[in-house]
Protein chains: 2
Amino acid sequence: MQPLRLFHYWRSSSSWRVRWALDYKKIACELQAVSLLNGESESDEHRARNPLGYVPVLERLDIHDSSRLLSQSTAIAEWLDEVHPTSPLFWGDAWTRAKIRSLAEIISADTQPIQNLNILQRHSNDPAEQKKWAQEFITQGLNAFERAAAMTSGKFSVGDELSWADLCLIPQCYNAARFDVQLDAMPLLRRILDACELLESCKSSHPSRYEPKP
Amino acid sequence: MQPLRLFHYWRSSSSWRVRWALDYKKIACELQAVSLLNGESESDEHRARNPLGYVPVLERLDIHDSSRLLSQSTAIAEWLDEVHPTSPLFWGDAWTRAKIRSLAEIISADTQPIQNLNILQRHSNDPAEQKKWAQEFITQGLNAFERAAAMTSGKFSVGDELSWADLCLIPQCYNAARFDVQLDAMPLLRRILDACELLESCKSSHPSRYEPKP
């Protein structure tokens, strides 16, 4: 396996997805924090890693030119799964893998990007209106996931094995809690959340483990 | 190949991505229009296909239960590529495929969902402010793509072969034109756009071919 470094932020849900994938697949990776709050992610240094200024970014330390960097959590996860197939996150036959990707995209394309900090700030200066926006789109996304997963779930979002769909869902549930979104009307998501929270790889990659100490 | 039906909308950029993939790979598929404007996409009938009420949705006609439906354009494209590898959209070694996915996600996760019609309408009732929002996020996304593709491009976004990154980029450029976003400061994207517009599969899947006649 190539030596790796992950640029991440403790509270970024997309960063958690990748930390979790690394821990689940037992892939060694150096972590480097990039703050989303103090301007670090907007710096030229980080923009050279990812023009959008987002995390996560994966760096391959065995490559020494600009092609060493990879942005976007799903691209990172698909690559990790291809080069390190143990504990697969995209498993089963082609149609099952498609279902895993479809569920994951409800979160990674149609929920998280819309409740991202810079979107909230662009929408309104009023913290109450920012929260309302986040609550609405998180609720919409999780409700859609609840309905879609009803057709695929077992113990986890798809069948009885952990998949990339779960690694997108649970960090989004963490964001939901931050914005006081209640999951009471989503019994299936609650059950998947409970199952995931028992996993060592979920615990070891959890944002609370990476929160900077004052 | 399984018999297929695609629920799409002529002007939806995500629908165009999939129409293009089908035409490029020469996969036969029945098309069924779902209007995003007259309430059809919000109907119970369409929500049963996709709880978010979005298009595209792919239906496998060889399956007769609820598992026959697949939402999300990237999940559809990855599946089409797995079961019909001719004219691949995710090609090359694992790192190259990762780069294709990373570029595609700049559009599919961090640009298009944020300038989606329902987001614009939720943000503001003022058409001028809606347009300003769309222009800002499309410009941000395309600028990021321009910078990222500078490290991967040949004739197309990645090397000299068409990939899923192009099939996400060009429909986003179409949206850019709708919102009067200028691409003058993005010479690389202009060049890729010119190369793509010569392709028969780009022309045959273009929104203008599917615009309802009055």
# chains A, B, ... in the order shown; residues from 1 in each chain; ligands from 1

$ residues_around --residues "His46 in chain B" --least-positions-apart "4" --cutoff "12 Å" --atoms "only C-alpha atoms" --output "mmCIF file with N, CA and C atoms, in the first residue's frame"
data_model
loop_
_atom_site.group_PDB
_atom_site.id
_atom_site.type_symbol
_atom_site.label_atom_id
_atom_site.label_comp_id
_atom_site.auth_asym_id
_atom_site.auth_seq_id
_atom_site.Cartn_x
_atom_site.Cartn_y
_atom_site.Cartn_z
ATOM 1 N N PHE B 7 -36.158 7.674 -16.839
ATOM 2 C CA PHE B 7 -36.996 8.833 -16.549
ATOM 3 C C PHE B 7 -36.069 10.054 -16.527
ATOM 4 N N HIS B 8 -36.385 11.032 -17.336
ATOM 5 C CA HIS B 8 -35.476 12.164 -17.511
ATOM 6 C C HIS B 8 -36.276 13.432 -17.773
ATOM 7 N N GLN B 32 -38.493 8.211 -20.906
ATOM 8 C CA GLN B 32 -39.804 8.730 -20.504
ATOM 9 C C GLN B 32 -39.599 10.070 -19.811
ATOM 10 N N ALA B 33 -40.214 11.107 -20.336
ATOM 11 C CA ALA B 33 -40.045 12.452 -19.789
ATOM 12 C C ALA B 33 -40.853 12.623 -18.500
ATOM 13 N N VAL B 34 -40.228 13.291 -17.517
ATOM 14 C CA VAL B 34 -40.897 13.683 -16.270
ATOM 15 C C VAL B 34 -40.666 15.179 -16.118
ATOM 16 N N SER B 35 -41.714 15.954 -16.199
ATOM 17 C CA SER B 35 -41.537 17.407 -16.139
ATOM 18 C C SER B 35 -41.162 17.858 -14.729
ATOM 19 N N LEU B 36 -40.191 18.742 -14.662
ATOM 20 C CA LEU B 36 -39.823 19.338 -13.374
ATOM 21 C C LEU B 36 -40.630 20.608 -13.109
ATOM 22 N N GLY B 39 -45.275 19.927 -11.805
ATOM 23 C CA GLY B 39 -45.645 19.136 -10.631
ATOM 24 C C GLY B 39 -45.473 17.638 -10.808
ATOM 25 N N GLU B 40 -45.178 17.203 -12.042
ATOM 26 C CA GLU B 40 -45.071 15.763 -12.306
ATOM 27 C C GLU B 40 -43.970 15.108 -11.472
ATOM 28 N N SER B 41 -42.827 15.817 -11.351
ATOM 29 C CA SER B 41 -41.712 15.227 -10.597
ATOM 30 C C SER B 41 -41.999 15.163 -9.095
ATOM 31 N N GLU B 42 -42.948 15.968 -8.651
ATOM 32 C CA GLU B 42 -43.317 15.978 -7.225
ATOM 33 C C GLU B 42 -44.474 15.026 -6.927
ATOM 34 N N ASN B 50 -38.224 7.995 -6.995
ATOM 35 C CA ASN B 50 -37.115 8.683 -6.328
ATOM 36 C C ASN B 50 -37.712 9.585 -5.250
ATOM 37 N N PRO B 51 -37.476 9.266 -3.986
ATOM 38 C CA PRO B 51 -38.093 10.037 -2.892
ATOM 39 C C PRO B 51 -37.767 11.525 -2.949
ATOM 40 N N LEU B 52 -36.644 11.900 -3.580
ATOM 41 C CA LEU B 52 -36.305 13.321 -3.691
ATOM 42 C C LEU B 52 -37.092 14.004 -4.809
ATOM 43 N N GLY B 53 -37.729 13.207 -5.665
ATOM 44 C CA GLY B 53 -38.479 13.798 -6.768
ATOM 45 C C GLY B 53 -37.598 14.278 -7.912
ATOM 46 N N TYR B 54 -36.366 13.790 -7.949
ATOM 47 C CA TYR B 54 -35.434 14.237 -8.993
ATOM 48 C C TYR B 54 -35.398 13.254 -10.159
ATOM 49 N N VAL B 55 -34.830 13.708 -11.253
ATOM 50 C CA VAL B 55 -34.429 12.848 -12.358
ATOM 51 C C VAL B 55 -32.915 12.984 -12.498
ATOM 52 N N PRO B 56 -32.238 12.057 -13.126
ATOM 53 C CA PRO B 56 -32.731 10.854 -13.781
ATOM 54 C C PRO B 56 -32.989 9.697 -12.806
ATOM 55 N N VAL B 57 -33.863 8.790 -13.268
ATOM 56 C CA VAL B 57 -34.059 7.500 -12.597
ATOM 57 C C VAL B 57 -34.018 6.435 -13.687
ATOM 58 N N LEU B 69 -35.512 0.055 -9.628
ATOM 59 C CA LEU B 69 -35.263 1.484 -9.846
ATOM 60 C C LEU B 69 -33.915 1.928 -9.291
ATOM 61 N N SER B 71 -31.698 5.603 -8.762
ATOM 62 C CA SER B 71 -31.569 7.055 -8.848
ATOM 63 C C SER B 71 -30.104 7.447 -8.781
#

$ interface_residues --of "chain B" --to "chain A" --cutoff "7 Å" --atoms "only C-alpha atoms" --output "mmCIF file with N, CA and C atoms, in the first residue's frame"
data_model
loop_
_atom_site.group_PDB
_atom_site.id
_atom_site.type_symbol
_atom_site.label_atom_id
_atom_site.label_comp_id
_atom_site.auth_asym_id
_atom_site.auth_seq_id
_atom_site.Cartn_x
_atom_site.Cartn_y
_atom_site.Cartn_z
ATOM 1 N N PRO B 51 -37.476 9.266 -3.986
ATOM 2 C CA PRO B 51 -38.093 10.037 -2.892
ATOM 3 C C PRO B 51 -37.767 11.525 -2.949
ATOM 4 N N LEU B 52 -36.644 11.900 -3.580
ATOM 5 C CA LEU B 52 -36.305 13.321 -3.691
ATOM 6 C C LEU B 52 -37.092 14.004 -4.809
ATOM 7 N N SER B 67 -36.960 -3.102 -6.419
ATOM 8 C CA SER B 67 -35.503 -2.981 -6.582
ATOM 9 C C SER B 67 -35.113 -2.640 -8.015
ATOM 10 N N LEU B 70 -33.247 2.822 -10.021
ATOM 11 C CA LEU B 70 -31.946 3.335 -9.587
ATOM 12 C C LEU B 70 -31.877 4.844 -9.837
ATOM 13 N N SER B 71 -31.698 5.603 -8.762
ATOM 14 C CA SER B 71 -31.569 7.055 -8.848
ATOM 15 C C SER B 71 -30.104 7.447 -8.781
ATOM 16 N N GLN B 72 -29.841 8.706 -9.088
ATOM 17 C CA GLN B 72 -28.528 9.349 -8.982
ATOM 18 C C GLN B 72 -27.677 9.038 -10.209
ATOM 19 N N ALA B 75 -24.343 6.920 -9.833
ATOM 20 C CA ALA B 75 -24.602 5.500 -9.581
ATOM 21 C C ALA B 75 -25.036 4.817 -10.872
ATOM 22 N N ILE B 76 -25.860 5.497 -11.657
ATOM 23 C CA ILE B 76 -26.307 4.941 -12.942
ATOM 24 C C ILE B 76 -25.115 4.781 -13.887
ATOM 25 N N TRP B 79 -22.828 1.935 -12.916
ATOM 26 C CA TRP B 79 -23.439 0.637 -13.231
ATOM 27 C C TRP B 79 -23.365 0.348 -14.726
ATOM 28 N N GLU B 82 -20.005 -0.765 -15.569
ATOM 29 C CA GLU B 82 -19.646 -2.106 -15.088
ATOM 30 C C GLU B 82 -20.271 -3.194 -15.957
ATOM 31 N N ALA B 94 -6.255 2.611 -11.497
ATOM 32 C CA ALA B 94 -7.120 3.018 -10.382
ATOM 33 C C ALA B 94 -6.971 4.506 -10.065
ATOM 34 N N TRP B 95 -5.739 5.026 -10.164
ATOM 35 C CA TRP B 95 -5.510 6.438 -9.830
ATOM 36 C C TRP B 95 -6.148 7.350 -10.894
ATOM 37 N N ALA B 98 -9.751 7.419 -10.283
ATOM 38 C CA ALA B 98 -10.006 8.301 -9.131
ATOM 39 C C ALA B 98 -10.025 9.756 -9.574
ATOM 40 N N LYS B 99 -9.117 10.128 -10.472
ATOM 41 C CA LYS B 99 -9.084 11.517 -10.967
ATOM 42 C C LYS B 99 -10.353 11.842 -11.762
ATOM 43 N N ARG B 101 -13.290 10.508 -11.290
ATOM 44 C CA ARG B 101 -14.378 10.674 -10.305
ATOM 45 C C ARG B 101 -14.249 11.990 -9.551
ATOM 46 N N SER B 102 -13.031 12.371 -9.222
ATOM 47 C CA SER B 102 -12.820 13.606 -8.464
ATOM 48 C C SER B 102 -13.288 14.824 -9.263
ATOM 49 N N GLU B 105 -17.075 14.882 -9.505
ATOM 50 C CA GLU B 105 -17.756 15.293 -8.263
ATOM 51 C C GLU B 105 -17.687 16.798 -8.026
ATOM 52 N N SER B 108 -20.879 17.237 -9.871
ATOM 53 C CA SER B 108 -22.079 16.501 -9.457
ATOM 54 C C SER B 108 -22.407 16.681 -7.979
ATOM 55 N N ALA B 109 -21.398 16.997 -7.150
ATOM 56 C CA ALA B 109 -21.666 17.202 -5.717
ATOM 57 C C ALA B 109 -21.557 18.671 -5.330
ATOM 58 N N ASP B 110 -20.582 19.378 -5.877
ATOM 59 C CA ASP B 110 -20.292 20.716 -5.351
ATOM 60 C C ASP B 110 -20.727 21.865 -6.257
ATOM 61 N N PRO B 113 -25.906 20.514 -7.586
ATOM 62 C CA PRO B 113 -26.975 20.476 -6.570
ATOM 63 C C PRO B 113 -27.251 21.840 -5.941
ATOM 64 N N ILE B 114 -26.234 22.712 -5.934
ATOM 65 C CA ILE B 114 -26.374 24.007 -5.255
ATOM 66 C C ILE B 114 -27.093 25.020 -6.138
ATOM 67 N N HIS B 123 -33.883 29.854 -1.706
ATOM 68 C CA HIS B 123 -32.991 30.952 -1.313
ATOM 69 C C HIS B 123 -33.696 32.300 -1.419
ATOM 70 N N ALA B 144 -12.973 25.882 -10.267
ATOM 71 C CA ALA B 144 -12.275 24.774 -9.587
ATOM 72 C C ALA B 144 -11.970 23.660 -10.582
ATOM 73 N N ARG B 147 -9.015 24.607 -12.791
ATOM 74 C CA ARG B 147 -7.726 24.445 -12.107
ATOM 75 C C ARG B 147 -7.353 22.980 -11.945
ATOM 76 N N ALA B 148 -8.340 22.176 -11.570
ATOM 77 C CA ALA B 148 -8.047 20.755 -11.334
ATOM 78 C C ALA B 148 -7.737 20.044 -12.651
ATOM 79 N N MET B 151 -4.269 19.739 -14.450
ATOM 80 C CA MET B 151 -3.291 18.709 -14.076
ATOM 81 C C MET B 151 -3.587 17.353 -14.699
#

$ select_by_dssp --residues "chain A" --states "strand (DSSP E)" --output "list in words"
Leu4, Arg5, Leu6, Phe7, His8, Glu30, Leu31, Gln32, Ala33, Val57, Leu58, Glu59, Arg60, Leu69, Leu70 and Ser71 of chain A

$ closest_residue --among "B:Arg5, B:Lys132, B:Phe179, B:Glu161" --to "Ile63 in chain B" --atoms "only C-alpha atoms"
B:Arg5

$ calpha_fit_and_write --fixed "chain B" --moving "chain A" --output "mmCIF file with C-alpha atoms, in the first residue's frame"
data_model
loop_
_atom_site.group_PDB
_atom_site.id
_atom_site.type_symbol
_atom_site.label_atom_id
_atom_site.label_comp_id
_atom_site.auth_asym_id
_atom_site.auth_seq_id
_atom_site.Cartn_x
_atom_site.Cartn_y
_atom_site.Cartn_z
ATOM 1 C CA MET A 1 -28.033 -6.142 -21.789
ATOM 2 C CA GLN A 2 -31.114 -5.668 -19.637
ATOM 3 C CA PRO A 3 -34.049 -3.753 -21.164
ATOM 4 C CA LEU A 4 -34.013 -0.260 -19.667
ATOM 5 C CA ARG A 5 -36.166 2.827 -19.242
ATOM 6 C CA LEU A 6 -34.814 6.238 -18.240
ATOM 7 C CA PHE A 7 -36.996 8.820 -16.553
ATOM 8 C CA HIS A 8 -35.487 12.154 -17.519
ATOM 9 C CA TYR A 9 -36.208 15.789 -18.238
ATOM 10 C CA TRP A 10 -34.901 17.495 -21.336
ATOM 11 C CA ARG A 11 -33.296 20.457 -19.542
ATOM 12 C CA SER A 12 -31.976 18.606 -16.459
ATOM 13 C CA SER A 13 -28.196 18.546 -16.684
ATOM 14 C CA SER A 14 -28.027 15.324 -14.638
ATOM 15 C CA SER A 15 -30.409 13.705 -17.140
ATOM 16 C CA TRP A 16 -28.219 14.808 -20.026
ATOM 17 C CA ARG A 17 -25.182 13.137 -18.389
ATOM 18 C CA VAL A 18 -26.989 9.774 -18.468
ATOM 19 C CA ARG A 19 -28.526 10.203 -21.943
ATOM 20 C CA TRP A 20 -25.004 10.944 -23.183
ATOM 21 C CA ALA A 21 -23.563 7.885 -21.431
ATOM 22 C CA LEU A 22 -26.227 5.684 -23.030
ATOM 23 C CA ASP A 23 -25.604 7.120 -26.502
ATOM 24 C CA TYR A 24 -21.808 6.961 -26.150
ATOM 25 C CA LYS A 25 -21.959 3.344 -25.047
ATOM 26 C CA LYS A 26 -24.669 2.546 -27.626
ATOM 27 C CA ILE A 27 -27.010 1.112 -24.993
ATOM 28 C CA ALA A 28 -30.645 0.925 -26.044
ATOM 29 C CA CYS A 29 -32.969 2.587 -23.550
ATOM 30 C CA GLU A 30 -36.565 3.742 -23.600
ATOM 31 C CA LEU A 31 -36.892 7.380 -22.499
ATOM 32 C CA GLN A 32 -39.804 8.738 -20.502
ATOM 33 C CA ALA A 33 -40.040 12.457 -19.778
ATOM 34 C CA VAL A 34 -40.901 13.675 -16.275
ATOM 35 C CA SER A 35 -41.548 17.401 -16.150
ATOM 36 C CA LEU A 36 -39.816 19.344 -13.380
ATOM 37 C CA LEU A 37 -42.143 22.300 -13.941
ATOM 38 C CA ASN A 38 -45.767 21.098 -13.895
ATOM 39 C CA GLY A 39 -45.652 19.133 -10.629
ATOM 40 C CA GLU A 40 -45.074 15.763 -12.303
ATOM 41 C CA SER A 41 -41.710 15.217 -10.595
ATOM 42 C CA GLU A 42 -43.332 15.986 -7.217
ATOM 43 C CA SER A 43 -46.171 13.499 -7.763
ATOM 44 C CA ASP A 44 -46.563 10.394 -5.619
ATOM 45 C CA GLU A 45 -45.942 8.352 -8.746
ATOM 46 C CA HIS A 46 -42.519 9.876 -9.301
ATOM 47 C CA ARG A 47 -41.667 10.101 -5.567
ATOM 48 C CA ALA A 48 -42.116 6.325 -5.515
ATOM 49 C CA ARG A 49 -39.357 6.166 -8.133
ATOM 50 C CA ASN A 50 -37.119 8.680 -6.328
ATOM 51 C CA PRO A 51 -38.081 10.033 -2.893
ATOM 52 C CA LEU A 52 -36.304 13.318 -3.688
ATOM 53 C CA GLY A 53 -38.484 13.794 -6.773
ATOM 54 C CA TYR A 54 -35.430 14.234 -8.993
ATOM 55 C CA VAL A 55 -34.416 12.853 -12.360
ATOM 56 C CA PRO A 56 -32.741 10.853 -13.781
ATOM 57 C CA VAL A 57 -34.071 7.497 -12.595
ATOM 58 C CA LEU A 58 -33.145 4.297 -14.408
ATOM 59 C CA GLU A 59 -35.581 1.398 -14.448
ATOM 60 C CA ARG A 60 -34.593 -2.168 -15.257
ATOM 61 C CA LEU A 61 -37.520 -3.732 -17.099
ATOM 62 C CA ASP A 62 -36.265 -7.253 -16.364
ATOM 63 C CA ILE A 63 -36.945 -6.768 -12.635
ATOM 64 C CA HIS A 64 -40.515 -6.659 -11.406
ATOM 65 C CA ASP A 65 -40.238 -5.483 -7.816
ATOM 66 C CA SER A 66 -39.211 -2.171 -6.263
ATOM 67 C CA SER A 67 -35.509 -2.985 -6.585
ATOM 68 C CA ARG A 68 -35.800 -2.279 -10.328
ATOM 69 C CA LEU A 69 -35.256 1.479 -9.852
ATOM 70 C CA LEU A 70 -31.942 3.331 -9.584
ATOM 71 C CA SER A 71 -31.567 7.041 -8.841
ATOM 72 C CA GLN A 72 -28.525 9.328 -8.964
ATOM 73 C CA SER A 73 -26.649 9.919 -12.192
ATOM 74 C CA THR A 74 -23.236 8.779 -10.942
ATOM 75 C CA ALA A 75 -24.607 5.499 -9.576
ATOM 76 C CA ILE A 76 -26.300 4.945 -12.941
ATOM 77 C CA ALA A 77 -23.128 5.741 -14.891
ATOM 78 C CA GLU A 78 -20.941 3.479 -12.751
ATOM 79 C CA TRP A 79 -23.432 0.645 -13.215
ATOM 80 C CA LEU A 80 -23.664 1.153 -16.987
ATOM 81 C CA ASP A 81 -19.871 1.104 -17.154
ATOM 82 C CA GLU A 82 -19.654 -2.092 -15.105
ATOM 83 C CA VAL A 83 -22.213 -4.089 -17.069
ATOM 84 C CA HIS A 84 -21.368 -2.614 -20.473
ATOM 85 C CA PRO A 85 -17.616 -1.944 -20.492
ATOM 86 C CA THR A 86 -17.425 -0.946 -24.168
ATOM 87 C CA SER A 87 -16.512 2.761 -24.521
ATOM 88 C CA PRO A 88 -15.637 3.038 -20.831
ATOM 89 C CA LEU A 89 -16.329 6.255 -18.933
ATOM 90 C CA PHE A 90 -14.170 5.275 -15.936
ATOM 91 C CA TRP A 91 -11.004 4.048 -17.611
ATOM 92 C CA GLY A 92 -7.273 3.762 -16.977
ATOM 93 C CA ASP A 93 -5.569 2.585 -13.807
ATOM 94 C CA ALA A 94 -7.123 3.022 -10.369
ATOM 95 C CA TRP A 95 -5.513 6.450 -9.811
ATOM 96 C CA THR A 96 -6.735 7.706 -13.204
ATOM 97 C CA ARG A 97 -10.254 6.482 -12.444
ATOM 98 C CA ALA A 98 -9.992 8.309 -9.120
ATOM 99 C CA LYS A 99 -9.069 11.519 -10.958
ATOM 100 C CA ILE A 100 -12.051 11.077 -13.292
ATOM 101 C CA ARG A 101 -14.368 10.671 -10.286
ATOM 102 C CA SER A 102 -12.813 13.611 -8.455
ATOM 103 C CA LEU A 103 -13.350 15.993 -11.384
ATOM 104 C CA ALA A 104 -16.876 14.701 -11.925
ATOM 105 C CA GLU A 105 -17.757 15.294 -8.266
ATOM 106 C CA ILE A 106 -16.688 18.937 -8.466
ATOM 107 C CA ILE A 107 -19.750 19.227 -10.704
ATOM 108 C CA SER A 108 -22.078 16.494 -9.452
ATOM 109 C CA ALA A 109 -21.663 17.197 -5.716
ATOM 110 C CA ASP A 110 -20.288 20.726 -5.346
ATOM 111 C CA THR A 111 -21.863 22.659 -8.213
ATOM 112 C CA GLN A 112 -25.058 21.296 -9.768
ATOM 113 C CA PRO A 113 -26.969 20.464 -6.558
ATOM 114 C CA ILE A 114 -26.379 24.004 -5.242
ATOM 115 C CA GLN A 115 -27.804 25.672 -8.333
ATOM 116 C CA ASN A 116 -30.742 23.301 -8.606
ATOM 117 C CA LEU A 117 -34.119 24.952 -9.154
ATOM 118 C CA ASN A 118 -35.535 24.105 -5.722
ATOM 119 C CA ILE A 119 -32.448 25.535 -3.991
ATOM 120 C CA LEU A 120 -32.721 28.771 -5.963
ATOM 121 C CA GLN A 121 -36.395 29.062 -5.059
ATOM 122 C CA ARG A 122 -35.741 28.333 -1.399
ATOM 123 C CA HIS A 123 -32.990 30.962 -1.318
ATOM 124 C CA SER A 124 -35.018 33.836 -2.723
ATOM 125 C CA ASN A 125 -38.225 34.807 -4.494
ATOM 126 C CA ASP A 126 -36.329 37.436 -6.473
ATOM 127 C CA PRO A 127 -35.338 36.136 -9.930
ATOM 128 C CA ALA A 128 -32.333 38.504 -10.023
ATOM 129 C CA GLU A 129 -31.014 37.169 -6.716
ATOM 130 C CA GLN A 130 -31.670 33.583 -7.860
ATOM 131 C CA LYS A 131 -29.617 34.260 -10.976
ATOM 132 C CA LYS A 132 -26.817 35.874 -8.955
ATOM 133 C CA TRP A 133 -26.647 32.829 -6.647
ATOM 134 C CA ALA A 134 -26.563 30.433 -9.601
ATOM 135 C CA GLN A 135 -23.872 32.491 -11.327
ATOM 136 C CA GLU A 136 -21.687 32.569 -8.221
ATOM 137 C CA PHE A 137 -21.786 28.840 -7.545
ATOM 138 C CA ILE A 138 -21.482 27.829 -11.191
ATOM 139 C CA THR A 139 -18.481 30.138 -11.559
ATOM 140 C CA GLN A 140 -16.914 28.764 -8.378
ATOM 141 C CA GLY A 141 -17.413 25.164 -9.529
ATOM 142 C CA LEU A 142 -16.193 25.684 -13.084
ATOM 143 C CA ASN A 143 -13.159 27.659 -11.888
ATOM 144 C CA ALA A 144 -12.269 24.774 -9.583
ATOM 145 C CA PHE A 145 -12.719 22.331 -12.469
ATOM 146 C CA GLU A 146 -10.496 24.511 -14.701
ATOM 147 C CA ARG A 147 -7.710 24.453 -12.104
ATOM 148 C CA ALA A 148 -8.051 20.743 -11.338
ATOM 149 C CA ALA A 149 -8.289 19.686 -14.991
ATOM 150 C CA ALA A 150 -5.082 21.611 -15.773
ATOM 151 C CA MET A 151 -3.281 18.714 -14.078
ATOM 152 C CA THR A 152 -5.115 15.901 -15.898
ATOM 153 C CA SER A 153 -6.365 17.095 -19.279
ATOM 154 C CA GLY A 154 -5.397 16.183 -22.776
ATOM 155 C CA LYS A 155 -7.962 16.594 -25.497
ATOM 156 C CA PHE A 156 -10.608 15.941 -22.824
ATOM 157 C CA SER A 157 -10.782 16.522 -19.057
ATOM 158 C CA VAL A 158 -8.614 13.482 -18.372
ATOM 159 C CA GLY A 159 -6.191 12.591 -21.135
ATOM 160 C CA ASP A 160 -7.358 12.113 -24.691
ATOM 161 C CA GLU A 161 -10.371 9.919 -24.049
ATOM 162 C CA LEU A 162 -13.875 10.949 -23.099
ATOM 163 C CA SER A 163 -14.746 10.187 -19.478
ATOM 164 C CA TRP A 164 -17.507 10.699 -16.926
ATOM 165 C CA ALA A 165 -15.762 13.968 -15.981
ATOM 166 C CA ASP A 166 -16.628 15.383 -19.427
ATOM 167 C CA LEU A 167 -20.181 14.068 -19.231
ATOM 168 C CA CYS A 168 -20.601 16.060 -16.015
ATOM 169 C CA LEU A 169 -18.727 19.143 -17.228
ATOM 170 C CA ILE A 170 -20.484 19.846 -20.528
ATOM 171 C CA PRO A 171 -24.072 19.796 -19.185
ATOM 172 C CA GLN A 172 -22.865 22.138 -16.422
ATOM 173 C CA CYS A 173 -21.494 24.468 -19.130
ATOM 174 C CA TYR A 174 -24.970 24.345 -20.702
ATOM 175 C CA ASN A 175 -26.400 25.461 -17.349
ATOM 176 C CA ALA A 176 -23.738 28.162 -17.212
ATOM 177 C CA ALA A 177 -24.953 29.526 -20.536
ATOM 178 C CA ARG A 178 -28.562 29.523 -19.292
ATOM 179 C CA PHE A 179 -27.474 31.754 -16.389
ATOM 180 C CA ASP A 180 -25.225 33.976 -18.564
ATOM 181 C CA VAL A 181 -22.009 32.766 -16.934
ATOM 182 C CA GLN A 182 -19.088 33.606 -19.213
ATOM 183 C CA LEU A 183 -16.389 30.992 -19.798
ATOM 184 C CA ASP A 184 -13.867 33.486 -21.221
ATOM 185 C CA ALA A 185 -11.575 33.147 -18.202
ATOM 186 C CA MET A 186 -11.639 29.353 -18.533
ATOM 187 C CA PRO A 187 -9.733 28.587 -21.737
ATOM 188 C CA LEU A 188 -9.231 24.919 -20.884
ATOM 189 C CA LEU A 189 -12.965 24.331 -20.328
ATOM 190 C CA ARG A 190 -13.708 26.140 -23.615
ATOM 191 C CA ARG A 191 -11.308 23.829 -25.409
ATOM 192 C CA ILE A 192 -12.803 20.675 -23.838
ATOM 193 C CA LEU A 193 -16.287 21.968 -24.631
ATOM 194 C CA ASP A 194 -15.320 22.494 -28.271
ATOM 195 C CA ALA A 195 -13.890 18.970 -28.489
ATOM 196 C CA CYS A 196 -16.972 17.411 -26.907
ATOM 197 C CA GLU A 197 -19.447 19.314 -29.057
ATOM 198 C CA LEU A 198 -18.016 17.566 -32.110
ATOM 199 C CA LEU A 199 -18.984 14.142 -30.754
ATOM 200 C CA GLU A 200 -22.071 12.475 -32.155
ATOM 201 C CA SER A 201 -23.055 11.195 -28.683
ATOM 202 C CA CYS A 202 -22.925 14.740 -27.306
ATOM 203 C CA LYS A 203 -25.153 16.034 -30.081
ATOM 204 C CA SER A 204 -27.640 13.155 -29.999
ATOM 205 C CA SER A 205 -28.161 13.493 -26.225
ATOM 206 C CA HIS A 206 -28.299 17.314 -26.173
ATOM 207 C CA PRO A 207 -31.258 18.930 -24.379
ATOM 208 C CA SER A 208 -32.373 20.663 -27.581
ATOM 209 C CA ARG A 209 -33.132 17.242 -29.072
ATOM 210 C CA TYR A 210 -35.596 16.538 -26.271
ATOM 211 C CA GLU A 211 -37.260 19.907 -25.838
ATOM 212 C CA PRO A 212 -41.038 19.386 -25.948
ATOM 213 C CA LYS A 213 -42.622 20.905 -29.008
ATOM 214 C CA PRO A 214 -45.531 23.264 -28.266
#

$ select_by_dssp --residues "range 79-149 of chain A" --states "helix (DSSP H, G or I)" --output "PyMOL selection string"
chain A and resi 79-83+94-108+112-115+117-123+127-149
